[in-house]
Amino acid sequence: MKKITKYLRPFVQPSLAIMLSLLVGAVVIAIANENPLEIYRIMFRGAFGSQYYLLTTLNRATPIIICGLGAAIAWSSNLMGIGGEGQMIMGGFTCAIVAYYLPGPPALKILAAVVASLLVGGLYSALSAWLLEKFEMSLAISTLMLNYVAHYFTMHFVSNVFLNTVGDRKLIQTELLDPSVYIPKIFEGYTLHYGFVIALALVILMWWMNRSTVFGYETRMTGYNINFCNYGGVRGRKIMYAVLFLSGSICALAGVGEVLGNQYRYIHNSYVSTSYAWIGLNAALISNYNPLGVLLTSIILAGIQTGGASIARSTSIPIEISQVIQGCVTLFISAKIIINLSKNRKKVSK
C-alpha cells in the first residue's frame with residue numbers, strides 16, 4: 001500500500017489544481033446560462049472521446065511535455081528561468097535550416113539538424129547563466145527578454161534570407177523540407193508522430209536521472225540549498241551552467257519535433273501563438289517538477305485546449321473558456337509559490 005501511495009503522490013497535486021480550475025470554469029459556464037456538466041462532457045469528448053480526438057490531443061501534448069521537462073529540471077534546481085519559448089524557437093529554426101540546406105543522405109541531415117538544434121538551444125539558455133554570473137542579472141528577466149530576441153532574430157532571417165516565396169505569402173516561413181527527413185506518423189492518417197514516443201522516453205530518462213544519478217542528486221540539492229552544496233563540495237557554478245544548457249536543449253527538442261513532425265518547415269510565430277512553452281511551464285510547476293506529473297498534466301492541459309475548440313464549435317460558449325481554465329491553473333500555481341516562499345521566510349526569520 002505504501003508503494004502505491006508513493007507512486008501516486010506525483011499525481012495528487014496536478015489533479016487537485018486542475019480540479020479546482022475546472023470548478024472555477026464551471027462557475028463561469030453557469031453564469032453564461034449553460035450546464036457545466038454538459039459543457040464538460042462535450043469538452044471531454046472533443047479531447048479524448050474517439051481515436052481521432054485522442055491522438056490529436058496527444059500530438060498537441062508532445063511539445064508541451066518536452067517543454068515542461070525542460071522547465072522542470074531548471075526550476076527544481078531553483079533556476080527560475082522562463083526562456084523555454086525562445087529556446088524552442090531557436091531549436092526549430094536551426095532544425096529547419098540545417099535539414100533543408102545541408103547536403104547528404106536523409107539520415108545525416110536528420111542527425112545534423114537535431115544535434116545543431118540541441119546545441120543552439122542549450123547555448124542560448126546558457127547565455128542567461130553567463131548573464132547571471134557576470135552581471136547578476138535576474139534569470140527570469142534575462143530569459144524573458146531572450147524570448148523576444150529569438151522571436152525577432154528568426155523573423156529577420158526568415159523574412160530576408162530563407163523566406164519561401166512560392167507558398168502562402170501571408171506566412172513568414174522557410175522552404176518546405178524533403179519528405180525523407182519527416183518524423184513518421186505512428187498511425188496512418190492521423191497527426192500523432194513518433195515525437196510522442198521520444199517525449200515518453202524523455203520522461204522516463206529524466207525520472208531515472210533524478211532518482212539514480214549523481215547529477216540528478218546534485219541538481220536537487222542545489223535547489224534545496226546552494227550554499228550548503230557549495231560547502232559540501234558541489235560546485236554550484238558548474239551545476240548552473242549544466243542545468244540551464246540541458247534545459248535549453250530539451251526545449252529546443254520540442255521545436256525539432258514541430259518542424260520534422262508537424263509543420264515540415266519553420267513558421268514564424270507558430271510557437272508563440274500556441275503557447276507550448278508557457279503551458280509546459282505550468283505543467284512543470286503544478287506537478288512539482290516531477291516528470292511523471294509533467295506527463296499527466298501536459299496531456300490534460302492539451303485536452304483542455306482541444307476540448308475547448310470542440311465546445312466553441314458545438315455550443316454558445318467561446319473557446320476562451322479553455323484559457324479561463326488555464327488562467328486559473330496559473331493562478332493556483334502562483335498562490336502555491338507565494339505560500340511556499342512565505343513559509344520559507346518565516347522559517348529563516350525564526
# chains A, B, ... in the order shown; residues from 1 in each chain; ligands from 1
>>> select_by_dssp(residues="range 241-309 of chain A", states="alpha helix (DSSP H)", output="PyMOL selection string")
chain A and resi 241-258+270-274+276-286+291-309
>>> residues_around(residues="range 39-43 of chain A", least_positions_apart="6", cutoff="9 Å", atoms="only C-alpha atoms", output="PyMOL selection string")
chain A and resi 22+26+29+49+303-311+314-315+317
>>> atom_distance(atom1="CA of Asn59 in chain A", atom2="CA of Asn282 in chain A")
18.1 Å
>>> residues_around(residues="Gln263 in chain A", least_positions_apart="6", cutoff="12 Å", atoms="only C-alpha atoms", output="list in words")
Gly92, Phe93, Cys95, Ala96, Gln173, Thr174, Glu175, Leu176, Leu177, Asp178, Pro179, Tyr182, Ile183, Thr191, His193, Gly255, Val256, Gly257, Ser270 and Tyr271 of chain A
>>> write_last_selection(atoms="C-alpha atoms", output="tab-separated table (two decimals), in the first residue's frame")
chain	number	residue	atom	x	y	z
A	92	GLY	CA	13.03	24.81	-34.53
A	93	PHE	CA	14.62	27.49	-36.74
A	95	CYS	CA	16.48	22.41	-37.44
A	96	ALA	CA	14.62	23.75	-40.47
A	173	GLN	CA	8.07	30.60	-43.32
A	174	THR	CA	11.07	28.70	-44.61
A	175	GLU	CA	11.17	26.29	-47.54
A	176	LEU	CA	9.29	23.02	-47.27
A	177	LEU	CA	11.55	20.14	-46.21
A	178	ASP	CA	12.01	16.97	-48.21
A	179	PRO	CA	9.67	14.16	-47.04
A	182	TYR	CA	9.97	13.82	-41.77
A	183	ILE	CA	9.29	12.07	-38.46
A	191	THR	CA	-1.31	13.60	-36.89
A	193	HIS	CA	4.06	11.14	-34.84
A	255	GLY	CA	10.94	22.84	-31.76
A	256	VAL	CA	12.63	20.00	-33.66
A	257	GLY	CA	9.54	17.84	-33.21
A	270	SER	CA	3.67	29.42	-34.60
A	271	TYR	CA	5.29	28.58	-31.24
>>> residues_around(residues="Gly81 in chain A", least_positions_apart="5", cutoff="7 Å", atoms="only C-alpha atoms", output="list of chain:residue names")
A:Leu139, A:Ala140, A:Thr143
>>> write_last_selection(atoms="N, CA, C and O atoms", output="PDB file, in the first residue's frame")
ATOM      1  N   LEU A 139      17.535  35.992 -13.586  1.00  0.00           N
ATOM      2  CA  LEU A 139      17.351  34.927 -14.570  1.00  0.00           C
ATOM      3  C   LEU A 139      15.976  35.018 -15.224  1.00  0.00           C
ATOM      4  O   LEU A 139      15.839  34.781 -16.440  1.00  0.00           O
ATOM      5  N   ALA A 140      14.967  35.361 -14.449  1.00  0.00           N
ATOM      6  CA  ALA A 140      13.615  35.482 -15.010  1.00  0.00           C
ATOM      7  C   ALA A 140      13.559  36.580 -16.066  1.00  0.00           C
ATOM      8  O   ALA A 140      12.979  36.401 -17.144  1.00  0.00           O
ATOM      9  N   THR A 143      15.874  35.666 -19.309  1.00  0.00           N
ATOM     10  CA  THR A 143      15.278  34.633 -20.164  1.00  0.00           C
ATOM     11  C   THR A 143      14.020  35.140 -20.857  1.00  0.00           C
ATOM     12  O   THR A 143      13.759  34.790 -22.013  1.00  0.00           O
TER      13      THR A 143
END
>>> closest_residue(among="A:Ser316, A:Ser125, A:Asn147, A:Ser77", to="Glu34 in chain A", atoms="only C-alpha atoms")
A:Ser316
>>> residues_around(residues="range 237-253 of chain A", least_positions_apart="2", cutoff="7 Å", atoms="only C-alpha atoms", output="ChimeraX atom specification")
/A:66-67,70-71,73-74,84,87-88,90-92,117-119,121-126,129,219,235,255-257
>>> atom_distance(atom1="CA of Gly327 in chain A", atom2="CA of Met155 in chain A")
28.4 Å
>>> residues_around(residues="Thr57 in chain A", least_positions_apart="3", cutoff="9 Å", atoms="only C-alpha atoms", output="PyMOL selection string")
chain A and resi 47-48+52-54+60-62+192+299-300+302-307
>>> closest_residue(among="A:Ile18, A:Ile89, A:Asn164, A:Trp130", to="Pro63 in chain A", atoms="only C-alpha atoms")
A:Ile89
>>> closest_residue(among="A:Ser298, A:Thr56, A:Ser76, A:Asn35", to="Met221 in chain A", atoms="only C-alpha atoms")
A:Ser76
>>> closest_residue(among="A:Leu296, A:Ile31, A:Leu55, A:Leu205", to="Glu188 in chain A", atoms="only C-alpha atoms")
A:Leu55
>>> atom_distance(atom1="CA of Ala112 in chain A", atom2="CA of Leu127 in chain A")
22.3 Å
>>> closest_residue(among="A:Ala283, A:Leu102, A:Ile65, A:Ile321", to="Ile198 in chain A", atoms="only C-alpha atoms")
A:Ile65
>>> closest_residue(among="A:Pro14, A:Leu79, A:Val294, A:Pro106", to="Leu202 in chain A", atoms="only C-alpha atoms")
A:Val294
